[in-house]
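Enquirer: work_39.cif is the file, holding mmCIF, C-alpha atoms and all ligand atoms:
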data_final
loop_
_atom_site.label_atom_id
_atom_site.label_comp_id
_atom_site.auth_asym_id
_atom_site.auth_seq_id
_atom_site.Cartn_x
_atom_site.Cartn_y
_atom_site.Cartn_z
CA MET A 18 7.79 5.47 7.89
CA GLU A 19 8.54 7.37 4.71
CA LYS A 20 6.62 10.45 3.66
CA ILE A 21 4.98 10.27 0.24
CA ASN A 22 6.22 13.23 -1.72
CA GLY A 23 7.67 14.14 -5.08
CA THR A 24 6.11 15.98 -7.97
CA TYR A 25 4.36 14.19 -10.76
CA ASN A 26 3.35 15.37 -14.22
CA ASN A 27 0.13 13.38 -14.35
CA LEU A 28 -0.84 12.81 -10.73
CA GLU A 29 -1.98 15.18 -8.02
CA LEU A 30 -1.33 13.85 -4.52
CA ASN A 31 -3.17 15.13 -1.46
CA LEU A 32 -2.63 13.76 2.00
CA ASN A 33 -5.68 14.19 4.27
CA GLY A 34 -4.60 13.00 7.70
CA LYS A 35 -3.27 9.56 6.81
CA ILE A 36 -5.40 9.07 3.70
CA LEU A 37 -3.74 9.75 0.39
CA VAL A 38 -5.87 10.95 -2.52
CA ILE A 39 -4.23 10.14 -5.83
CA GLU A 40 -5.86 12.12 -8.63
CA ILE A 41 -5.10 11.17 -12.23
CA SER A 42 -4.81 14.64 -13.69
CA ARG A 43 -4.98 14.53 -17.50
CA GLU A 44 -8.43 16.03 -17.72
CA GLN A 45 -8.04 17.20 -21.34
CA LYS A 46 -7.49 13.58 -22.38
CA LEU A 47 -10.15 12.21 -20.03
CA ASN A 48 -7.33 11.04 -17.75
CA ALA A 49 -6.18 8.43 -20.28
CA LEU A 50 -3.27 6.40 -18.96
CA ASN A 51 -0.17 7.19 -20.95
CA HIS A 52 3.15 5.50 -20.25
CA GLU A 53 4.31 8.25 -17.90
CA THR A 54 1.11 8.18 -15.84
CA LEU A 55 1.39 4.44 -15.40
CA LYS A 56 5.02 4.83 -14.34
CA GLU A 57 4.09 7.51 -11.81
CA LEU A 58 1.25 5.39 -10.47
CA LYS A 59 3.65 2.49 -10.03
CA GLN A 60 6.02 4.71 -8.07
CA VAL A 61 3.31 6.01 -5.71
CA ILE A 62 1.62 2.65 -5.14
CA GLY A 63 5.02 1.01 -4.67
CA SER A 64 5.82 3.37 -1.80
CA LEU A 65 2.40 3.20 -0.06
CA GLU A 66 3.15 0.34 2.32
CA ASN A 67 6.27 2.04 3.68
CA ALA A 68 4.69 5.45 3.97
CA ASP A 69 2.76 6.91 6.87
CA VAL A 70 -0.50 6.30 5.04
CA SER A 71 -3.45 4.22 6.25
CA GLY A 72 -5.38 4.14 2.96
CA ALA A 73 -5.49 5.57 -0.55
CA ILE A 74 -8.15 6.78 -2.95
CA ILE A 75 -7.67 6.85 -6.72
CA ILE A 76 -9.89 9.32 -8.59
CA GLY A 77 -9.93 11.10 -11.94
CA ALA A 78 -9.62 14.86 -12.40
CA GLY A 79 -12.76 16.73 -13.44
CA GLU A 80 -16.36 15.62 -13.65
CA LYS A 81 -16.35 13.60 -16.87
CA ALA A 82 -13.95 10.70 -16.48
CA PHE A 83 -12.26 8.48 -13.97
CA VAL A 84 -9.93 7.16 -16.69
CA ALA A 85 -11.06 6.72 -20.33
CA GLY A 86 -8.54 3.96 -20.99
CA ALA A 87 -4.95 3.53 -21.97
CA ASP A 88 -3.75 6.42 -24.12
CA ILE A 89 -4.67 5.21 -27.60
CA SER A 90 -2.30 7.67 -29.27
CA GLU A 91 0.67 5.95 -27.62
CA PHE A 92 0.04 2.31 -28.30
CA GLN A 93 -1.10 2.06 -31.85
CA LYS A 94 2.32 1.37 -33.36
CA MET A 95 3.57 -1.66 -31.44
CA ASP A 96 4.96 -4.91 -32.75
CA GLU A 97 3.93 -8.13 -31.03
CA GLU A 98 6.85 -8.22 -28.58
CA THR A 99 6.46 -4.57 -27.59
CA ALA A 100 2.72 -5.10 -27.15
CA ARG A 101 3.27 -8.10 -24.87
CA ARG A 102 5.65 -6.02 -22.73
CA PHE A 103 3.12 -3.16 -22.72
CA SER A 104 0.41 -5.50 -21.48
CA GLU A 105 2.64 -7.13 -18.87
CA ALA A 106 3.90 -3.75 -17.61
CA GLY A 107 0.32 -2.56 -17.05
CA GLN A 108 -0.62 -5.87 -15.45
CA GLN A 109 2.30 -5.46 -13.02
CA VAL A 110 1.23 -2.00 -11.90
CA PHE A 111 -2.34 -3.15 -11.36
CA GLU A 112 -1.18 -6.27 -9.53
CA LEU A 113 0.81 -4.00 -7.24
CA ILE A 114 -2.44 -2.23 -6.34
CA GLU A 115 -4.36 -5.48 -5.90
CA ARG A 116 -1.69 -6.95 -3.62
CA CYS A 117 -1.00 -3.78 -1.65
CA HIS A 118 -1.53 -4.19 2.10
CA THR A 119 -2.67 -0.58 2.33
CA PRO A 120 -6.34 -0.42 1.31
CA VAL A 121 -6.94 1.33 -2.00
CA ILE A 122 -10.41 2.54 -3.07
CA ALA A 123 -11.31 3.70 -6.57
CA VAL A 124 -13.75 6.60 -6.68
CA ILE A 125 -15.21 6.37 -10.17
CA ASN A 126 -16.37 9.83 -11.10
CA GLY A 127 -17.25 9.29 -14.78
CA PHE A 128 -16.05 7.11 -17.65
CA ALA A 129 -14.07 4.06 -16.53
CA LEU A 130 -13.31 2.48 -19.86
CA GLY A 131 -10.64 0.01 -20.95
CA GLY A 132 -7.59 0.55 -18.76
CA GLY A 133 -9.76 2.80 -16.55
CA CYS A 134 -12.17 -0.01 -15.76
CA GLU A 135 -9.14 -2.29 -15.28
CA LEU A 136 -7.56 0.21 -12.88
CA ALA A 137 -10.79 0.45 -10.86
CA MET A 138 -11.07 -3.34 -10.75
CA ALA A 139 -7.51 -3.69 -9.43
CA CYS A 140 -8.39 -1.51 -6.43
CA HIS A 141 -9.70 -3.25 -3.32
CA LEU A 142 -13.07 -1.44 -3.33
CA ARG A 143 -14.95 0.69 -5.84
CA ILE A 144 -17.34 3.59 -5.19
CA ALA A 145 -19.08 5.04 -8.23
CA VAL A 146 -20.98 8.25 -8.77
CA GLU A 147 -24.43 7.82 -10.33
CA THR A 148 -23.27 9.03 -13.72
CA ALA A 149 -20.26 6.70 -13.98
CA LYS A 150 -20.00 4.46 -17.02
CA PHE A 151 -17.97 1.28 -17.15
CA GLY A 152 -16.80 -0.72 -20.12
CA GLN A 153 -14.14 -2.71 -21.89
CA PRO A 154 -14.48 -1.28 -25.40
CA GLU A 155 -11.14 -2.59 -26.72
CA VAL A 156 -12.78 -4.71 -29.44
CA ASN A 157 -13.86 -1.44 -31.04
CA LEU A 158 -10.15 -0.89 -31.68
CA GLY A 159 -9.36 -4.45 -32.78
CA ILE A 160 -7.70 -5.46 -29.50
CA LEU A 161 -8.80 -6.82 -26.13
CA PRO A 162 -8.33 -5.76 -22.50
CA GLY A 163 -4.62 -6.07 -21.73
CA TYR A 164 -4.25 -4.81 -18.16
CA GLY A 165 -5.94 -7.74 -16.44
CA GLY A 166 -9.48 -6.91 -17.54
CA THR A 167 -10.33 -10.31 -19.01
CA GLN A 168 -9.51 -11.87 -15.65
CA ARG A 169 -10.82 -9.33 -13.14
CA LEU A 170 -14.09 -8.51 -14.91
CA THR A 171 -14.87 -12.23 -15.01
CA GLN A 172 -13.95 -12.57 -11.32
CA LEU A 173 -16.19 -9.67 -10.33
CA ILE A 174 -19.33 -10.07 -12.47
CA GLY A 175 -19.16 -13.67 -13.74
CA LYS A 176 -18.35 -15.27 -17.08
CA GLY A 177 -21.54 -14.67 -19.07
CA ARG A 178 -21.81 -11.00 -18.21
CA ALA A 179 -18.08 -10.41 -18.66
CA LEU A 180 -18.12 -12.04 -22.10
CA GLU A 181 -21.10 -9.94 -23.14
CA TYR A 182 -19.50 -6.67 -22.08
CA MET A 183 -16.10 -7.51 -23.57
CA MET A 184 -17.55 -8.78 -26.87
CA THR A 185 -20.15 -6.04 -27.42
CA ALA A 186 -18.11 -3.15 -25.97
CA ASN A 187 -21.37 -1.96 -24.38
CA MET A 188 -21.10 0.49 -21.53
CA MET A 189 -22.52 -0.38 -18.11
CA ASP A 190 -24.20 2.26 -15.96
CA ALA A 191 -23.48 2.63 -12.24
CA LYS A 192 -26.77 1.04 -11.14
CA THR A 193 -26.09 -2.09 -13.19
CA ALA A 194 -22.49 -2.12 -11.95
CA LEU A 195 -23.85 -2.15 -8.39
CA ASN A 196 -26.33 -4.95 -9.19
CA TYR A 197 -23.59 -7.02 -10.80
CA GLY A 198 -21.11 -6.49 -7.94
CA LEU A 199 -18.66 -4.49 -10.02
CA VAL A 200 -18.87 -1.64 -7.51
CA ASN A 201 -19.45 -1.65 -3.76
CA HIS A 202 -21.48 1.56 -3.53
CA VAL A 203 -23.04 4.22 -5.72
CA GLU A 204 -23.28 7.81 -4.52
CA ALA A 205 -25.07 10.85 -5.93
CA ASN A 206 -21.97 12.83 -6.86
CA LYS A 207 -18.18 13.02 -6.62
CA GLU A 208 -18.18 14.71 -3.21
CA ALA A 209 -20.52 12.10 -1.68
CA ALA A 210 -18.44 9.29 -3.20
CA LEU A 211 -15.28 10.77 -1.70
CA ILE A 212 -16.95 11.10 1.71
CA LYS A 213 -17.99 7.44 1.52
CA ALA A 214 -14.45 6.40 0.60
CA PHE A 215 -13.02 8.40 3.52
CA ASP A 216 -15.57 6.86 5.90
CA ILE A 217 -14.64 3.33 4.86
CA LEU A 218 -10.89 3.99 4.98
CA ASN A 219 -11.19 5.66 8.40
CA LYS A 220 -13.06 2.63 9.68
CA ILE A 221 -10.44 0.24 8.28
CA SER A 222 -7.68 2.35 9.84
CA GLU A 223 -9.07 1.52 13.29
CA LYS A 224 -8.40 -2.20 12.69
CA ALA A 225 -5.15 -4.12 13.03
CA PRO A 226 -3.03 -3.28 9.95
CA ILE A 227 -1.32 -6.68 9.77
CA ALA A 228 -4.68 -8.43 9.78
CA ILE A 229 -5.96 -6.08 7.06
CA GLY A 230 -2.93 -6.84 4.86
CA LEU A 231 -3.39 -10.56 5.36
CA VAL A 232 -7.09 -10.34 4.45
CA VAL A 233 -5.93 -8.88 1.13
CA ASP A 234 -3.49 -11.80 0.64
CA CYS A 235 -6.11 -14.42 1.51
CA VAL A 236 -8.77 -13.01 -0.78
CA ASN A 237 -6.27 -12.70 -3.63
CA ALA A 238 -5.31 -16.34 -3.06
CA VAL A 239 -8.84 -17.41 -4.08
CA PHE A 240 -8.01 -16.27 -7.62
CA ASP A 241 -4.40 -17.48 -7.84
CA GLY A 242 -5.37 -20.35 -10.14
CA GLY A 243 -6.14 -17.64 -12.70
CA LYS A 244 -2.44 -16.69 -13.01
CA ASN A 245 -2.12 -18.36 -16.41
CA GLY A 246 -5.04 -16.30 -17.62
CA TYR A 247 -2.88 -13.18 -17.37
CA GLU A 248 -0.15 -14.74 -19.53
CA ILE A 249 -2.74 -15.83 -22.07
CA GLU A 250 -4.20 -12.34 -22.00
CA ALA A 251 -0.81 -10.67 -22.64
CA SER A 252 -0.15 -13.02 -25.60
CA ALA A 253 -3.61 -12.45 -27.03
CA PHE A 254 -3.24 -8.70 -26.57
CA ALA A 255 0.14 -8.82 -28.34
CA LYS A 256 -1.35 -10.79 -31.26
CA CYS A 257 -4.17 -8.25 -31.62
CA CYS A 258 -1.67 -5.39 -31.69
CA ALA A 259 0.11 -7.01 -34.63
CA THR A 260 -3.06 -6.96 -36.76
CA ASP A 261 -4.06 -4.46 -39.44
CA ASP A 262 -7.40 -4.18 -37.68
CA PHE A 263 -5.74 -2.65 -34.63
CA SER A 264 -3.96 0.02 -36.71
CA GLU A 265 -7.29 0.68 -38.38
CA GLY A 266 -9.19 0.78 -35.06
CA ALA A 267 -6.73 3.13 -33.38
CA ASN A 268 -6.40 5.38 -36.46
CA ALA A 269 -10.18 5.54 -36.80
CA PHE A 270 -10.47 6.68 -33.16
CA ILE A 271 -7.82 9.40 -33.63
CA GLU A 272 -9.39 10.48 -36.94
CA LYS A 273 -12.86 10.43 -35.31
CA ARG A 274 -14.42 8.03 -37.86
CA LYS A 275 -15.87 4.50 -37.88
CA PRO A 276 -13.29 1.73 -38.30
CA ASN A 277 -13.36 -0.54 -41.33
CA PHE A 278 -12.17 -3.92 -40.00
CA THR A 279 -10.98 -6.55 -42.47
CA GLY A 280 -10.11 -9.48 -40.21
CA THR A 281 -6.39 -9.23 -40.96
N1 LIG A 301 -6.68 7.68 -25.29
C1 LIG A 301 -6.28 8.86 -25.79
N2 LIG A 301 -7.07 9.94 -25.85
C2 LIG A 301 -8.32 9.81 -25.40
C3 LIG A 301 -8.83 8.61 -24.87
C4 LIG A 301 -7.94 7.52 -24.84
N3 LIG A 301 -8.30 6.35 -24.33
N4 LIG A 301 -10.11 8.80 -24.51
C5 LIG A 301 -10.40 10.07 -24.79
N5 LIG A 301 -9.33 10.69 -25.33
C6 LIG A 301 -9.20 12.07 -25.75
C7 LIG A 301 -9.91 12.31 -27.08
O1 LIG A 301 -9.08 11.92 -28.15
C8 LIG A 301 -10.14 13.78 -27.00
O2 LIG A 301 -8.93 14.46 -27.29
P1 LIG A 301 -8.94 15.77 -28.26
O3 LIG A 301 -9.81 16.77 -27.53
O4 LIG A 301 -7.49 16.16 -28.31
O5 LIG A 301 -9.54 15.33 -29.56
C9 LIG A 301 -10.43 14.05 -25.53
O6 LIG A 301 -9.87 12.93 -24.84
C10 LIG A 301 -11.91 14.12 -25.21
O7 LIG A 301 -12.52 12.93 -25.70
P2 LIG A 301 -13.77 12.91 -26.71
O8 LIG A 301 -13.75 11.60 -27.44
O9 LIG A 301 -13.78 14.14 -27.55
O10 LIG A 301 -14.99 12.97 -25.67
P3 LIG A 301 -16.46 12.44 -25.89
O11 LIG A 301 -17.26 12.99 -24.76
O12 LIG A 301 -16.93 12.70 -27.27
O13 LIG A 301 -16.35 10.84 -25.72
C11 LIG A 301 -15.56 8.80 -24.71
C12 LIG A 301 -15.97 10.28 -24.50
C13 LIG A 301 -15.00 8.30 -23.40
C14 LIG A 301 -16.82 7.99 -25.09
C15 LIG A 301 -14.53 8.71 -25.86
O14 LIG A 301 -13.47 9.61 -25.58
C16 LIG A 301 -13.93 7.35 -26.04
O15 LIG A 301 -14.56 6.47 -26.61
N6 LIG A 301 -12.66 7.17 -25.60
C17 LIG A 301 -11.91 5.96 -25.81
C18 LIG A 301 -12.38 4.88 -24.90
C19 LIG A 301 -11.63 3.62 -25.19
O16 LIG A 301 -11.73 3.02 -26.24
N7 LIG A 301 -10.85 3.20 -24.20
C20 LIG A 301 -10.12 1.98 -24.27
C21 LIG A 301 -8.78 2.20 -24.82
S1 LIG A 301 -7.88 0.71 -24.87
#
Would you mind writing the structure in this file as structure tokens?
Ligand code: COA

Expert:
Amino acid sequence: MEKINGTYNNLELNLNGKILVIEISREQKLNALNHETLKELKQVIGSLENADVSGAIIIGAGEKAFVAGADISEFQKMDEETARRFSEAGQQVFELIERCHTPVIAVINGFALGGGCELAMACHLRIAVETAKFGQPEVNLGILPGYGGTQRLTQLIGKGRALEYMMTANMMDAKTALNYGLVNHVEANKEAALIKAFDILNKISEKAPIAIGLVVDCVNAVFDGGKNGYEIEASAFAKCCATDDFSEGANAFIEKRKPNFTGT
């Protein structure tokens, strides 16, 4: 068994017994996923199965956000090919989480928007605090979810609801997320949500690890027919990134103004 160690610029790792808490620590930017954070996440998740860890929790730093999306300042100037690779790279990291035989729980302590909602959905279970807000607001920027969101949101809450949230960019509160099956539990605050996550992971750690890993494989197999959907998503994401509307959407966000979309 390897020990999980190393220092990261955007992640704070804390091992509690055999449960690893992975905190995304870019609080000033609402824990937005920049390229480096995604790379660090890939490294940690990639080493989970071989480490002396029975479960992991992903959480955002601070009280305001789990993760407010991919870092908009980094991806506004991409051509179609770069955008496809960007989407596929994110999809790969999130698939690594989804397929991991070590159970991973997202504790959603605030905004889980765009890539943040996609990250939470890639985890095996989700525990939200009462004030959490979920959403796929990419159409506000002239793009669409590119880290598996079109597929996983539909899997979790159903087609009609997923289409509504992805097309309107509306935010979903924690109570609705619980009703729709987007989250497993809602707790009063961050501390209670963490306690719940630890309780569940401790319980799972008493079971046979090989069986737990194979449960993950079997459940993922239900959705394997959706594989093409991810390719279609990456292509669609890449096409959106090549539009003027995406430059306008991303610039408008950075400049803190309303976008003026032209359909080009
Ligand atoms: N990428 C980059 N920076 C982001 C970000 C993102 N996805 N989300 C938030 N930030 C930054 C803001 O630019 C701001 O930085 P600044 O202080 O240097 O100006 C800081 O985080 C705080 O965000 P702010 O917008 O001032 O907070 P708010 O309370 O007014 O609004 C949100 C909170 C979550 C509603 C708003 O930040 C938001 O809409 N974020 C983008 C969500 C999104 O579209 N995600 C999908 C991206 S694909």

Enquirer: Counting only C-alpha atoms and all ligand atoms, what are the residues, protein, DNA or RNA alike, that approach ligand LIG 301 (chain A) to within 6 Å? I want them as a PyMOL selection string.

Expert: chain A and resi 45-47+49+85-90+128+130-131+154-155

Enquirer: Excluding range 67-74 of chain A and any residue of its chain fewer than 4 positions from it, enumerate the residues within 7 Å of it, using all atoms listed in the file, and give them as a PyMOL selection string.

Expert: chain A and resi 18-21+35-39+119-124+218+222

Enquirer: Write out as a Markdown table a residue-level contact list of range 164-184 of chain A versus range 137-143 of chain A with cut-off 9 Å: for each qualifying residue the closest pair of atoms and the distance in Å to one decimal, counting all atoms listed in the file, rows sorted by chain and residue number upward.

Expert:
| residue | atom | partner | partner_atom | distance |
| --- | --- | --- | --- | --- |
| A:Gly165 | CA | A:Ala139 | CA | 8.2 |
| A:Gly166 | CA | A:Met138 | CA | 7.8 |
| A:Arg169 | CA | A:Met138 | CA | 6.5 |
| A:Leu170 | CA | A:Met138 | CA | 7.3 |
| A:Leu173 | CA | A:Met138 | CA | 8.2 |

Enquirer: If we count all atoms listed in the file, what is near Thr99 in chain A at a cut-off of 10 Å, once residues fewer than 6 positions away on the same chain are taken out, given as a VMD selection string?

Expert: chain A and resid 92 105 255 258 to 259

Enquirer: What lies within 8 Å of Val146 in chain A using only C-alpha atoms, ignoring chain neighbours under 5 positions off, as a ChimeraX atom specification?

Expert: /A:124-127,191,203-207,210

Enquirer: Can you work out which one of A:Glu40, A:Asp96, A:Glu248, A:Glu57 has the shortest atom-to-atom distance to Gly77 in chain A, counting all atoms listed in the file?

Expert: A:Glu40

Enquirer: Take every atom of range 106-119 of chain A listed in the file, pad by 3 Å on each side, and give me the axis-aligned box centre and edge lengths in Å, one decimal, as JSON.

Expert:
{"center_x": -0.2, "center_y": -3.8, "center_z": -7.6, "size_x": 14.3, "size_y": 12.4, "size_z": 25.9}

Enquirer: Please report the interatomic distance between CA of Gly175 in chain A and CA of Leu50 in chain A in Å with one decimal.

Expert: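 That distance, rounded to one decimal, is 26.1 Å.
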
Enquirer: Find, counting all atoms listed in the file, the residue in A:Cys257, A:His202, A:Tyr25, A:Gly107 that gets nearest to Val156 in chain A.

Expert: A:Cys257

Enquirer: Using only C-alpha atoms and a cutoff of 6 Å, can you tell me which residues are near (-5.9, -7.0, -2.7) in the file's coordinates, and write them out as a PyMOL selection string?

Expert: chain A and resi 115-117+141+233+237

Enquirer: One decimal, in Å: what's the spacing between CA of Ser42 in chain A and CA of Glu29 in chain A?

Expert: 6.4 Å

Enquirer: Quick check, in Å to one decimal: how far apart do CA of Gly163 in chain A and CA of Lys94 in chain A lie?

Expert: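 So the answer is 15.5 Å.
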
Enquirer: Taking (4.6, 0.3, -18.2) in the file's own coordinates, collect the residues within 8 Å, counting all atoms listed in the file, and hand them back as a PyMOL selection string.

Expert: chain A and resi 52-53+55-56+102-107+110

Enquirer: Which residue is closest to Ile249 in chain A? Choose from A:Leu28, A:Leu161, A:Ile62, A:Ile75 and count only C-alpha atoms.

Expert: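 The answer is A:Leu161, which sits nearest to Ile249 in chain A.
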
Enquirer: Find, counting only C-alpha atoms, the residue in A:Ile76, A:His118, A:Glu98, A:Asp241 that gets nearest to Pro226 in chain A.

Expert: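 Under the stated criterion, the closest residue is A:His118.
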
Enquirer: Using only C-alpha atoms for the distances, tell me which of A:Phe254, A:Arg274, A:Glu181, A:Ile144 is nearest to Ile217 in chain A.

Expert: A:Ile144

Enquirer: For Gly159 in chain A, list every protein, DNA or RNA residue within 6 Å, evaluated using all atoms listed in the file, and leave out those in the same chain fewer than 3 positions away; present the list as a list in words.

Expert: Val156, Asp262, Phe263 and Gly266 of chain A
